[in-house]
Every structure is written in C-alpha cells, then in structure tokens.
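Colleague: Before I ask anything, let me first share the structure, which is written out below as structure tokens.
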Amino acid sequence: MNVDMTKETDVTDLELRETVRKRYAVAATSASCCGPDSSLGVDVSAASYSKAELATIPVEAADASLGCGNPTAVADLHAGETVLDLGSGGGIDVLLSARRVGETGFVYGLDMTDEMLDLGRANAAEAGVSNVEFRKGYIEEIPLGDASVDVIISNCVINLSTDKPAVFAEMARVLKPGGRIGISDIVADDSLSPEVRAERGSWVGCIAGALSYTEYRQQLHAAGFSAITIEATHEAADGMDSAIIKAAKPTT
C-alpha cells in the first residue's frame, strides 16, 4: 500500500488505523476537524447543517463535526426506527437522528476513539437525549447483532477504512431485510488510480483512501446491496467529490 500520509510508504493497515485514531483523538479534544484543520483535508464540517438543526444540539457537537456532508438530511428517518451511525465522532448525527426517530426509536453511535466516545456521551447528556448509546468498536467489526438496525448513516468515515469490503459486509449483516443506508463520503473519479488519489491528499485527510464511483458501486453490490445511487454534492479535491450514497438491503 502506498499512501501519502506521514511521508512514509508501505504503512500496514494496523499502523494506518492507529494513525487515524490518534489524529481524531486530537480532534476530539481540540475541536479541530476536517474544516478548521486543513491538514485533515475536506473543508465542510458543520456548514452542511441548517441553522435549525444546529440550534438543537450542543455547540461542542457542531464544533467537532468531522464530516463531508449531512447524511441525516437524506436518510429519510421515521419515528420508531433504529439507526446506526458509523464513526459517530462528537455525536452530531446521532443527536439529530435521535430527534427524528423520536422516543420510540433508538440510535447507536459507533467509534473507535475513546476521546470521541466521551465527547459524544457528554453532548448527549447536555442535550438531554436518552434514546442513544455510544459503543466502542471498529466499522469492520460492528458490535451489534444480525438484522438489528433499520438504517445506517455515516459521515466521511468509510473512506478511512483499509478494509472497505469488510465494512460493507458488516453493514449488510446488521441491517434488517429492507433496511437502507444513507451516507456521506468522498468518492474519486473513475479515471484516478489509487496512486493519483494519494497525490490529492492524505489518507487521514479523507482523500487517499477514497473509492472511485465504480469501485463503490461494485463493492456495495458484492455485499448484497441494491438500489445503489451515488450523487456528488460538491468537489472535495481535484477529481474527488463529496457525495451522498444510498442503497438498500433486499427484503429476501
């Protein structure tokens, strides 16, 4: 694997995961993220959310937003549904989702970084939101049972994984039949090789690890998803887009 991350090459998957974890642990305690800290790459953060949405959550949750979009705006959440947020960070999407699904619904936030989990729990307590739970774990090994959630959301996190087929397989496993995904992520033009993507930005900055449009569709299809759509929202780097990805798990 060749990535432009710490100016080193041939980094192992575990080393890369640890670099990502450490970088976002710093972000959790300094409120630096893909927006305020340009070294992380994508410049969107809380700007993707409406003033009305931001008014319902603690400012700390908005300040720690690490995303490249607003998956809660397209996930079409309904009262009573169970939602899983992959890479929940400071909890902005967890808290917004919890309000959408109401008291009869529930939202899980999954993150591998203790500092982010602490921040998410603190923000939920401050917001007075009780229908949520933040769990520690990896998106390649989701700590939930089979067919246990209705909807999966994620905000600029899947591109950080070094084993995306495992992520998609786990998403399919934990979704109920007929369940769906609505995620924001960085997607590369089909003409860009992995080496060229690495030249556009670092892995930890949400760029070098991005899949192409075709790769994204193929990997979701291989995991069993259908009704796959990928819609670009804005340019994240030359030949790289922030995009909304939707797909569904078949009912049979």
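Starting from 1 in every chain, residues are counted up; chains themselves are A, B, ... following the order of the structure tokens, and ligands are numbered from 1 as listed.
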Leaving out Val74 in chain A and any residue of its chain fewer than 2 positions from it, which residues lie within 9 Å of it when counting only C-alpha atoms, given as a list in words?
Modeller: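 Counting only the stated atoms, we get Asn70, Pro71, Thr72, Asp76, Leu77, Gly182, Ile183, Ile244 and Lys246 of chain A.
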Colleague: What does the structure give for the distance between CA of Ser148 in chain A and CA of Thr82 in chain A, in Å to one decimal?
Modeller: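 Value for the CA of Ser148 in chain A-CA of Thr82 in chain A distance: 7.8 Å.
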Colleague: From the list A:His78, A:Arg121, A:His234, A:Lys164, which residue is nearest Phe106 in chain A when using only C-alpha atoms?
Modeller: A:His78
Colleague: If you run DSSP on the backbone here, which positions in range 70-168 of chain A get alpha helix (DSSP H)? Please write them as a list in words.
Modeller: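 Result set for range 70-168 of chain A (alpha helix (DSSP H)): Ile92, Asp93, Val94, Leu95, Leu96, Ser97, Ala98, Arg99, Arg100, Val101, Asp114, Glu115, Met116, Leu117, Asp118, Leu119, Gly120, Arg121, Ala122, Asn123, Ala124, Ala125, Glu126, Ala127, Lys164, Pro165, Ala166, Val167 and Phe168 of chain A.
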Colleague: Which residues come within 9 Å of Thr252 in chain A, counting only C-alpha atoms, excluding same-chain residues fewer than 3 positions away, as number ranges by chain?
Modeller: A: 177-178, 249
Colleague: Selection from above, C-alpha atoms, as an mmCIF file, in the first residue's frame, can you write it?
Modeller:
data_model
loop_
_atom_site.group_PDB
_atom_site.id
_atom_site.type_symbol
_atom_site.label_atom_id
_atom_site.label_comp_id
_atom_site.auth_asym_id
_atom_site.auth_seq_id
_atom_site.Cartn_x
_atom_site.Cartn_y
_atom_site.Cartn_z
ATOM 1 C CA PRO A 177 -34.206 -7.012 5.448
ATOM 2 C CA GLY A 178 -35.413 -3.922 3.627
ATOM 3 C CA LYS A 249 -30.752 -4.449 1.659
#
Colleague: Which one of A:Gly109, A:Gly137, A:Gly224, A:Gly102 sits closest to Met171 in chain A if you count only C-alpha atoms?
Modeller: A:Gly224
Colleague: Between CA of His221 in chain A and CA of Leu192 in chain A, what is the spacing in Å?
Modeller: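 Separation of CA of Leu192 in chain A and CA of His221 in chain A: 21.1 Å.
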Colleague: Would you pick out the contacts of Ala147 in chain A at 10 Å or less, using only C-alpha atoms, so that residues sharing its chain but fewer than 2 positions from it are not included, and give the list as a list of chain:residue names?
Modeller: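 The filter keeps A:Leu144, A:Gly145, A:Val149, A:Asp150, A:Met171, A:Ala172, A:Arg173, A:Val174, A:Leu175, A:Lys176, A:Pro177, A:Gly178, A:Gly179.
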Colleague: Would you list, as number ranges by chain, the residues of range 51-227 of chain A that end up in strand (DSSP E) under DSSP run on this structure's backbone?
Modeller: A: 82-86, 106-111, 132-136, 149-155, 175-188, 211-212, 226-227
Colleague: How many Å lie between CA of Glu126 in chain A and CA of Thr104 in chain A, rounded to one decimal?
Modeller: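 Pair CA of Glu126 in chain A / CA of Thr104 in chain A returns 20.3 Å.
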Colleague: As a list of chain:residue names, please: the residues near Phe134 in chain A (cut-off 8 Å, only C-alpha atoms, same-chain neighbours under 4 positions excluded).
Modeller: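 Returned residues: A:Tyr108, A:Gly109, A:Leu110, A:Asp111, A:Leu117, A:Gly120, A:Arg121.
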Colleague: Do you know which residues are at most 7 Å from Ala248 in chain A counting only C-alpha atoms, after dropping those on the same chain fewer than 6 positions away, and could you put them as an MDAnalysis selection string?
Modeller: chainID A and resid 178:181 225:227
